[in-house]
Amino acid sequence: MFLHMLNLLGVAVFAASGALSAGRKRFDLVGVVVLAVVTAVGGGTLRDLLLDRTPFWIRDTAYLWTALAAAAVTLAYVRFRRPPWSALLVADALGLALFSISGAQVAEQAGHTGLVVVVMGTLTGVAGGVVRDVLSAEVPLLFRPTETLYATAAVAGSLGYLALQGVGVERAAAGLAGMGLIAALRFAAIFWRLRLPHFQVPEDEGAGTPNSP
Amino acid sequence: MFLHMLNLLGVAVFAASGALSAGRKRFDLVGVVVLAVVTAVGGGTLRDLLLDRTPFWIRDTAYLWTALAAAAVTLAYVRFRRPPWSALLVADALGLALFSISGAQVAEQAGHTGLVVVVMGTLTGVAGGVVRDVLSAEVPLLFRPTETLYATAAVAGSLGYLALQGVGVERAAAGLAGMGLIAALRFAAIFWRLRLPHFQVPEDEGAGTPNSP
Amino acid sequence: MFLHMLNLLGVAVFAASGALSAGRKRFDLVGVVVLAVVTAVGGGTLRDLLLDRTPFWIRDTAYLWTALAAAAVTLAYVRFRRPPWSALLVADALGLALFSISGAQVAEQAGHTGLVVVVMGTLTGVAGGVVRDVLSAEVPLLFRPTETLYATAAVAGSLGYLALQGVGVERAAAGLAGMGLIAALRFAAIFWRLRLPHFQVPEDEGAGTPNSP
């Protein structure tokens, strides 16, 4: 039940972020809907394929209807009002929080170890946005130097979720806390421009670099 | 049997479109063959993974041989004659039509609801071309503002296929009609430059846009 | 046992190549680790999904720890010393060799035909690097005109592996020979700039090309 609500919410916010991203690229109406749906179900679908489950949106079509409705609402809203661009980042942060914890929970319930739980949480959280950005021909938000603490937030939230349970907090409360941590880290990164140190590899100066683009 | 022929044809035309796309990017010979094969089997493989089936080209290697033969024929043809570029779009439109309906049929036979059938048809139809374009580092044809009615055609054809069966048309005839609708919509879009309204999100003018590329 | 060692080695070298690639793009620390892990497990995960196996890193977390350790070592090394850029190409070549043969072996043990074995070997070998390059928003190394004999090496090594077994060589020796062939072809391509003929499609000169980017 809790997982179900999480997934519905995550689907709605990622669908909105996909629709907004498609709008920036001047896709047509159906292209917008396709990108919204793929963004919305991408992360959870990867999670389900990796854990050998039937994709969640095939088992329960409420998810698809939610994605379609969220895309339609986004389209209608943007028709009449200028979208605050930060809304895309906020929607993305919420989707990241919701899907990361839902991915961690599904892996946990399947009996996997802590490391796999954290990896699945992170992958589930970031995959939808990565698919959205790759299909929009943009560098994934995940990897943009100006948008840090993205995967960091997903890793930290998944670790926090496990740690809280380790000290006796019950699952639902630990999940909410993990989501709050992820969203808080992303908001902090967005508004205060926090960032981790970059890993800057010095460029090669030789003329004959075989790998230069 | 009908599905088998559909898939073989779809594999051949998508392999040709992958080989032509690779040729524009100056890939070497084996790179051309790899892109042709991946384009040809991409959509059906996604369909099979999502519906928990063994990928069709693993079960029946006739598909791989067909893709290799189509790539070889394309290579040979282009060696001697200038390819009319519209051939790439035509091959793509036929592949879209064939794979969309085959994806819808497989989902239907697995007992899924109408919405899942339409989504699987659309995903199966568009995935091969999307993989081709992403690997060629181009914006997917699916999303280019100048090439509309792409996903639209797949959605319309899948819906038409279901609707015709709903009014009593038998499956094979409904499938042919659905494919015809998809190809007709794409050809109309290509030759008469039909398009759906764009969903244009106004650009943000603020200087501090966090999300500007 | 032999497969296990192969996969661990392949994971380590691909993780290093992913970390170096992320470093060139100025990802932050966690982004580097994410790209390293995805590059390291991408090829084998695709192999396992296609052959309906549980992904290898979920069954045995030694792979994830190896990828994390390799990423950390790479980060530490680059902090103090300038990376020779050719190291990225060498790591990539070794990973290609290791994963191609491991993909071929898994397909072989599942009882598939020679063609499927070669295709699975090639896909497994190239997928990790393709995912790395797509996520880094670069044209995949696989397809760059200046970096040929890439897929060619994977195909040749997989064919050689099968051919040697066909004439009575035992599996482990054939596997080592196949890997040697792949690495040798890639090194030859890198250092002597060997390449296959390009498949150059003449550009269309017409003004109204529907497909021009």
# chains A, B, ... in the order shown; residues from 1 in each chain; ligands from 1

$ residues_around --residues "Val32 in chain A" --least-positions-apart "2" --cutoff "8 Å" --atoms "only C-alpha atoms" --output "PyMOL selection string"
(chain A and resi 18-19+22-23+27-30+34-36+71) or (chain B and resi 199)

$ write_last_selection --atoms "all heavy atoms" --output "PDB file, in the first residue's frame"
ATOM      1  N   GLY A  18       9.108  14.788 -17.515  1.00  0.00           N
ATOM      2  CA  GLY A  18       9.310  14.379 -18.902  1.00  0.00           C
ATOM      3  C   GLY A  18       8.546  15.268 -19.869  1.00  0.00           C
ATOM      4  O   GLY A  18       9.065  15.652 -20.918  1.00  0.00           O
ATOM      5  N   ALA A  19       7.307  15.626 -19.508  1.00  0.00           N
ATOM      6  CA  ALA A  19       6.505  16.484 -20.389  1.00  0.00           C
ATOM      7  C   ALA A  19       7.146  17.861 -20.520  1.00  0.00           C
ATOM      8  O   ALA A  19       7.202  18.431 -21.614  1.00  0.00           O
ATOM      9  CB  ALA A  19       5.085  16.601 -19.851  1.00  0.00           C
ATOM     10  N   ALA A  22      10.216  17.591 -22.745  1.00  0.00           N
ATOM     11  CA  ALA A  22       9.813  17.453 -24.149  1.00  0.00           C
ATOM     12  C   ALA A  22       9.347  18.788 -24.705  1.00  0.00           C
ATOM     13  O   ALA A  22       9.591  19.113 -25.872  1.00  0.00           O
ATOM     14  CB  ALA A  22       8.702  16.408 -24.276  1.00  0.00           C
ATOM     15  N   GLY A  23       8.678  19.582 -23.857  1.00  0.00           N
ATOM     16  CA  GLY A  23       8.196  20.874 -24.310  1.00  0.00           C
ATOM     17  C   GLY A  23       9.330  21.814 -24.669  1.00  0.00           C
ATOM     18  O   GLY A  23       9.231  22.595 -25.621  1.00  0.00           O
ATOM     19  N   PHE A  27       8.830  18.953 -28.995  1.00  0.00           N
ATOM     20  CA  PHE A  27       8.218  17.726 -29.486  1.00  0.00           C
ATOM     21  C   PHE A  27       6.755  18.003 -29.781  1.00  0.00           C
ATOM     22  O   PHE A  27       6.178  18.946 -29.258  1.00  0.00           O
ATOM     23  CB  PHE A  27       8.282  16.624 -28.420  1.00  0.00           C
ATOM     24  CG  PHE A  27       9.661  16.138 -28.132  1.00  0.00           C
ATOM     25  CD1 PHE A  27      10.762  16.649 -28.775  1.00  0.00           C
ATOM     26  CD2 PHE A  27       9.863  15.134 -27.190  1.00  0.00           C
ATOM     27  CE1 PHE A  27      12.045  16.187 -28.494  1.00  0.00           C
ATOM     28  CE2 PHE A  27      11.134  14.671 -26.904  1.00  0.00           C
ATOM     29  CZ  PHE A  27      12.222  15.190 -27.553  1.00  0.00           C
ATOM     30  N   ASP A  28       6.134  17.169 -30.615  1.00  0.00           N
ATOM     31  CA  ASP A  28       4.697  17.359 -30.813  1.00  0.00           C
ATOM     32  C   ASP A  28       3.933  16.682 -29.668  1.00  0.00           C
ATOM     33  O   ASP A  28       4.514  16.100 -28.763  1.00  0.00           O
ATOM     34  CB  ASP A  28       4.246  16.862 -32.192  1.00  0.00           C
ATOM     35  CG  ASP A  28       4.234  15.357 -32.308  1.00  0.00           C
ATOM     36  OD1 ASP A  28       4.554  14.671 -31.336  1.00  0.00           O
ATOM     37  OD2 ASP A  28       3.918  14.863 -33.390  1.00  0.00           O
ATOM     38  N   LEU A  29       2.606  16.765 -29.727  1.00  0.00           N
ATOM     39  CA  LEU A  29       1.802  16.366 -28.572  1.00  0.00           C
ATOM     40  C   LEU A  29       2.022  14.913 -28.183  1.00  0.00           C
ATOM     41  O   LEU A  29       2.190  14.585 -27.004  1.00  0.00           O
ATOM     42  CB  LEU A  29       0.321  16.611 -28.862  1.00  0.00           C
ATOM     43  CG  LEU A  29      -0.089  18.085 -28.781  1.00  0.00           C
ATOM     44  CD1 LEU A  29      -1.521  18.265 -29.258  1.00  0.00           C
ATOM     45  CD2 LEU A  29       0.044  18.566 -27.338  1.00  0.00           C
ATOM     46  N   VAL A  30       2.014  14.022 -29.181  1.00  0.00           N
ATOM     47  CA  VAL A  30       2.174  12.614 -28.845  1.00  0.00           C
ATOM     48  C   VAL A  30       3.603  12.333 -28.392  1.00  0.00           C
ATOM     49  O   VAL A  30       3.834  11.524 -27.495  1.00  0.00           O
ATOM     50  CB  VAL A  30       1.760  11.721 -30.029  1.00  0.00           C
ATOM     51  CG1 VAL A  30       2.088  10.269 -29.747  1.00  0.00           C
ATOM     52  CG2 VAL A  30       0.267  11.873 -30.274  1.00  0.00           C
ATOM     53  N   VAL A  34       4.688  10.425 -25.030  1.00  0.00           N
ATOM     54  CA  VAL A  34       5.594   9.271 -25.005  1.00  0.00           C
ATOM     55  C   VAL A  34       6.769   9.538 -24.065  1.00  0.00           C
ATOM     56  O   VAL A  34       7.115   8.692 -23.232  1.00  0.00           O
ATOM     57  CB  VAL A  34       6.113   8.961 -26.431  1.00  0.00           C
ATOM     58  CG1 VAL A  34       7.255   7.952 -26.379  1.00  0.00           C
ATOM     59  CG2 VAL A  34       4.985   8.408 -27.290  1.00  0.00           C
ATOM     60  N   LEU A  35       7.364  10.716 -24.163  1.00  0.00           N
ATOM     61  CA  LEU A  35       8.514  10.986 -23.301  1.00  0.00           C
ATOM     62  C   LEU A  35       8.080  11.023 -21.830  1.00  0.00           C
ATOM     63  O   LEU A  35       8.792  10.523 -20.948  1.00  0.00           O
ATOM     64  CB  LEU A  35       9.207  12.294 -23.669  1.00  0.00           C
ATOM     65  CG  LEU A  35      10.571  12.429 -22.991  1.00  0.00           C
ATOM     66  CD1 LEU A  35      11.558  11.421 -23.548  1.00  0.00           C
ATOM     67  CD2 LEU A  35      11.149  13.826 -23.141  1.00  0.00           C
ATOM     68  N   ALA A  36       6.896  11.569 -21.568  1.00  0.00           N
ATOM     69  CA  ALA A  36       6.399  11.597 -20.191  1.00  0.00           C
ATOM     70  C   ALA A  36       6.238  10.174 -19.645  1.00  0.00           C
ATOM     71  O   ALA A  36       6.663   9.868 -18.529  1.00  0.00           O
ATOM     72  CB  ALA A  36       5.067  12.343 -20.129  1.00  0.00           C
ATOM     73  N   ALA A  71       0.750  14.001 -17.485  1.00  0.00           N
ATOM     74  CA  ALA A  71       1.204  14.669 -18.703  1.00  0.00           C
ATOM     75  C   ALA A  71       0.148  15.642 -19.201  1.00  0.00           C
ATOM     76  O   ALA A  71       0.460  16.774 -19.610  1.00  0.00           O
ATOM     77  CB  ALA A  71       1.530  13.631 -19.781  1.00  0.00           C
TER      78      ALA A  71
ATOM     79  N   PHE B 199       4.176  21.359 -28.724  1.00  0.00           N
ATOM     80  CA  PHE B 199       3.984  21.771 -27.340  1.00  0.00           C
ATOM     81  C   PHE B 199       5.205  22.627 -27.022  1.00  0.00           C
ATOM     82  O   PHE B 199       6.256  22.138 -26.664  1.00  0.00           O
ATOM     83  CB  PHE B 199       3.894  20.541 -26.447  1.00  0.00           C
ATOM     84  CG  PHE B 199       4.003  20.843 -24.992  1.00  0.00           C
ATOM     85  CD1 PHE B 199       3.278  21.875 -24.414  1.00  0.00           C
ATOM     86  CD2 PHE B 199       4.823  20.079 -24.179  1.00  0.00           C
ATOM     87  CE1 PHE B 199       3.382  22.146 -23.059  1.00  0.00           C
ATOM     88  CE2 PHE B 199       4.928  20.342 -22.828  1.00  0.00           C
ATOM     89  CZ  PHE B 199       4.214  21.369 -22.268  1.00  0.00           C
TER      90      PHE B 199
END

$ interface_residues --of "chain C" --to "chain A" --cutoff "8 Å" --atoms "only C-alpha atoms" --output "ChimeraX atom specification"
/C:20,22-32,34,49,54-55,58,61,64,75,78,82-86,89,134-137,190

$ residues_around --residues "Gly180 in chain B" --least-positions-apart "5" --cutoff "12 Å" --atoms "only C-alpha atoms" --output "MDAnalysis selection string"
chainID B and resid 93:98 100:101 153:154 156:158 160:161 173:175 185:188

$ select_by_dssp --residues "range 4-187 of chain B" --states "alpha helix (DSSP H)" --output "number ranges by chain"
B: 4-24, 29-50, 56-59, 62-80, 86-109, 114-135, 150-166, 171-187

$ write_last_selection --atoms "C-alpha atoms" --output "CSV table (one decimal), in the first residue's frame"
chain,number,residue,atom,x,y,z
B,4,HIS,CA,6.6,-14.6,-37.9
B,5,MET,CA,6.4,-13.0,-41.3
B,6,LEU,CA,5.7,-9.6,-39.7
B,7,ASN,CA,8.7,-9.9,-37.6
B,8,LEU,CA,11.0,-11.1,-40.4
B,9,LEU,CA,9.9,-8.2,-42.6
B,10,GLY,CA,10.2,-5.7,-39.8
B,11,VAL,CA,13.7,-7.0,-39.0
B,12,ALA,CA,14.8,-6.6,-42.6
B,13,VAL,CA,13.6,-3.1,-43.0
B,14,PHE,CA,14.9,-1.9,-39.7
B,15,ALA,CA,18.3,-3.5,-40.5
B,16,ALA,CA,18.4,-1.6,-43.8
B,17,SER,CA,17.6,1.6,-42.0
B,18,GLY,CA,20.3,0.9,-39.4
B,19,ALA,CA,22.8,0.2,-42.1
B,20,LEU,CA,22.0,3.4,-43.9
B,21,SER,CA,22.2,5.5,-40.7
B,22,ALA,CA,25.6,3.9,-39.9
B,23,GLY,CA,26.7,4.7,-43.4
B,24,ARG,CA,26.0,8.4,-43.0
B,29,LEU,CA,31.9,-2.4,-42.1
B,30,VAL,CA,31.5,-4.3,-38.8
B,31,GLY,CA,30.1,-1.2,-37.1
B,32,VAL,CA,27.5,-1.0,-39.9
B,33,VAL,CA,26.5,-4.6,-39.3
B,34,VAL,CA,26.3,-4.2,-35.5
B,35,LEU,CA,24.1,-1.1,-35.8
B,36,ALA,CA,21.9,-2.8,-38.4
B,37,VAL,CA,21.4,-5.8,-36.1
B,38,VAL,CA,20.8,-3.8,-33.0
B,39,THR,CA,18.3,-1.6,-34.8
B,40,ALA,CA,16.5,-4.6,-36.2
B,41,VAL,CA,16.1,-6.5,-33.0
B,42,GLY,CA,15.9,-3.6,-30.5
B,43,GLY,CA,12.2,-3.1,-30.5
B,44,GLY,CA,11.2,-6.7,-30.4
B,45,THR,CA,13.8,-7.4,-27.7
B,46,LEU,CA,12.4,-4.7,-25.5
B,47,ARG,CA,8.9,-6.1,-26.0
B,48,ASP,CA,10.1,-9.6,-25.1
B,49,LEU,CA,12.1,-8.4,-22.0
B,50,LEU,CA,9.0,-6.5,-20.7
B,56,PHE,CA,12.7,-13.7,-30.4
B,57,TRP,CA,16.1,-13.8,-32.1
B,58,ILE,CA,17.5,-16.2,-29.5
B,59,ARG,CA,14.6,-18.6,-30.0
B,62,ALA,CA,16.2,-16.8,-38.8
B,63,TYR,CA,15.8,-13.3,-37.6
B,64,LEU,CA,19.5,-12.7,-37.2
B,65,TRP,CA,20.3,-14.2,-40.6
B,66,THR,CA,17.6,-11.9,-42.1
B,67,ALA,CA,19.1,-8.9,-40.4
B,68,LEU,CA,22.6,-9.8,-41.6
B,69,ALA,CA,21.3,-10.4,-45.2
B,70,ALA,CA,19.4,-7.1,-45.2
B,71,ALA,CA,22.5,-5.3,-44.1
B,72,ALA,CA,24.6,-7.0,-46.7
B,73,VAL,CA,22.1,-6.2,-49.5
B,74,THR,CA,22.0,-2.6,-48.3
B,75,LEU,CA,25.8,-2.4,-48.3
B,76,ALA,CA,26.0,-3.9,-51.8
B,77,TYR,CA,23.2,-1.6,-53.2
B,78,VAL,CA,24.8,1.6,-51.8
B,79,ARG,CA,28.2,0.6,-53.2
B,80,PHE,CA,26.8,0.9,-56.7
B,86,SER,CA,13.7,9.0,-48.6
B,87,ALA,CA,14.4,5.3,-48.7
B,88,LEU,CA,15.6,5.5,-45.1
B,89,LEU,CA,12.3,7.2,-44.0
B,90,VAL,CA,10.2,4.7,-46.0
B,91,ALA,CA,12.1,1.7,-44.5
B,92,ASP,CA,11.6,3.3,-41.1
B,93,ALA,CA,7.9,3.8,-41.6
B,94,LEU,CA,7.4,0.2,-42.7
B,95,GLY,CA,9.4,-1.1,-39.7
B,96,LEU,CA,7.4,1.1,-37.4
B,97,ALA,CA,4.1,-0.3,-38.8
B,98,LEU,CA,5.2,-3.9,-38.7
B,99,PHE,CA,6.7,-3.8,-35.2
B,100,SER,CA,4.0,-1.8,-33.6
B,101,ILE,CA,1.3,-4.3,-34.6
B,102,SER,CA,3.5,-7.3,-33.7
B,103,GLY,CA,4.1,-5.7,-30.3
B,104,ALA,CA,0.4,-5.1,-29.8
B,105,GLN,CA,-0.4,-8.7,-30.9
B,106,VAL,CA,2.1,-10.2,-28.5
B,107,ALA,CA,0.7,-8.2,-25.6
B,108,GLU,CA,-2.8,-9.0,-26.6
B,109,GLN,CA,-2.1,-12.8,-26.7
B,114,GLY,CA,-6.1,-2.4,-24.0
B,115,LEU,CA,-4.0,0.3,-22.5
B,116,VAL,CA,-1.0,-2.1,-22.1
B,117,VAL,CA,-1.5,-3.4,-25.6
B,118,VAL,CA,-1.3,0.1,-27.1
B,119,VAL,CA,1.7,1.0,-25.0
B,120,MET,CA,3.5,-2.2,-25.9
B,121,GLY,CA,2.7,-1.7,-29.6
B,122,THR,CA,4.1,1.9,-29.5
B,123,LEU,CA,7.2,1.0,-27.5
B,124,THR,CA,8.0,-2.0,-29.7
B,125,GLY,CA,7.5,0.1,-32.8
B,126,VAL,CA,9.6,3.0,-31.8
B,127,ALA,CA,12.4,1.4,-29.8
B,128,GLY,CA,14.5,0.0,-32.6
B,129,GLY,CA,14.7,3.4,-34.3
B,130,VAL,CA,15.4,5.2,-31.0
B,131,VAL,CA,18.3,2.8,-30.3
B,132,ARG,CA,19.6,3.4,-33.8
B,133,ASP,CA,19.5,7.2,-33.4
B,134,VAL,CA,20.8,7.2,-29.8
B,135,LEU,CA,23.8,5.0,-30.9
B,150,TYR,CA,5.8,9.2,-35.6
B,151,ALA,CA,4.7,8.0,-32.2
B,152,THR,CA,1.2,9.3,-33.2
B,153,ALA,CA,1.1,6.8,-36.0
B,154,ALA,CA,2.1,4.0,-33.8
B,155,VAL,CA,-0.5,4.9,-31.2
B,156,ALA,CA,-3.2,5.4,-33.9
B,157,GLY,CA,-2.4,2.1,-35.5
B,158,SER,CA,-2.5,0.1,-32.3
B,159,LEU,CA,-5.8,1.8,-31.3
B,160,GLY,CA,-7.2,1.0,-34.7
B,161,TYR,CA,-6.1,-2.6,-34.5
B,162,LEU,CA,-8.0,-3.0,-31.2
B,163,ALA,CA,-11.0,-1.0,-32.3
B,164,LEU,CA,-11.4,-3.1,-35.5
B,165,GLN,CA,-11.3,-6.3,-33.5
B,166,GLY,CA,-13.8,-4.8,-31.1
B,171,ARG,CA,-7.2,-10.5,-36.0
B,172,ALA,CA,-5.2,-10.8,-39.2
B,173,ALA,CA,-7.3,-8.3,-41.1
B,174,ALA,CA,-7.3,-5.9,-38.2
B,175,GLY,CA,-3.5,-6.2,-38.0
B,176,LEU,CA,-3.1,-5.4,-41.7
B,177,ALA,CA,-5.4,-2.5,-41.4
B,178,GLY,CA,-3.5,-1.2,-38.4
B,179,MET,CA,-0.2,-1.5,-40.3
B,180,GLY,CA,-1.7,0.3,-43.2
B,181,LEU,CA,-2.9,3.1,-41.0
B,182,ILE,CA,0.5,3.6,-39.5
B,183,ALA,CA,2.4,3.5,-42.8
B,184,ALA,CA,-0.2,5.9,-44.4
B,185,LEU,CA,0.1,8.4,-41.5
B,186,ARG,CA,3.9,8.4,-41.7
B,187,PHE,CA,3.9,8.7,-45.5

$ decode --residues "range 148-159 of chain A" --atoms "N, CA, C and O atoms" --output "compact mmCIF listing (two decimals), in the first residue's frame"
# COMPACT_ATOMS: atom_id res chain seq x y z
N THR A 148 25.06 19.01 -9.05
CA THR A 148 25.66 17.93 -8.29
C THR A 148 24.74 17.45 -7.17
O THR A 148 23.62 17.89 -7.04
N LEU A 149 25.26 16.56 -6.36
CA LEU A 149 24.50 15.92 -5.28
C LEU A 149 23.28 15.19 -5.80
O LEU A 149 22.29 15.07 -5.12
N TYR A 150 23.34 14.70 -7.02
CA TYR A 150 22.17 14.03 -7.57
C TYR A 150 22.22 12.54 -7.19
O TYR A 150 21.43 12.07 -6.38
N ALA A 151 23.18 11.83 -7.79
CA ALA A 151 23.35 10.44 -7.38
C ALA A 151 23.74 10.37 -5.90
O ALA A 151 23.32 9.46 -5.18
N THR A 152 24.49 11.37 -5.46
CA THR A 152 24.85 11.44 -4.05
C THR A 152 23.63 11.38 -3.15
O THR A 152 23.62 10.66 -2.14
N ALA A 153 22.61 12.15 -3.50
CA ALA A 153 21.40 12.16 -2.69
C ALA A 153 20.73 10.79 -2.67
O ALA A 153 20.28 10.32 -1.63
N ALA A 154 20.70 10.13 -3.84
CA ALA A 154 20.07 8.81 -3.89
C ALA A 154 20.84 7.81 -3.05
O ALA A 154 20.25 6.99 -2.32
N VAL A 155 22.17 7.86 -3.12
CA VAL A 155 22.98 6.95 -2.32
C VAL A 155 22.79 7.23 -0.84
O VAL A 155 22.56 6.32 -0.03
N ALA A 156 22.84 8.51 -0.48
CA ALA A 156 22.71 8.86 0.94
C ALA A 156 21.34 8.46 1.49
O ALA A 156 21.23 7.93 2.60
N GLY A 157 20.30 8.69 0.70
CA GLY A 157 18.95 8.34 1.17
C GLY A 157 18.78 6.84 1.34
O GLY A 157 18.18 6.38 2.31
N SER A 158 19.33 6.07 0.39
CA SER A 158 19.21 4.61 0.50
C SER A 158 20.00 4.10 1.70
O SER A 158 19.53 3.21 2.44
N LEU A 159 21.20 4.65 1.90
CA LEU A 159 21.99 4.27 3.08
C LEU A 159 21.25 4.65 4.37
O LEU A 159 21.18 3.85 5.31
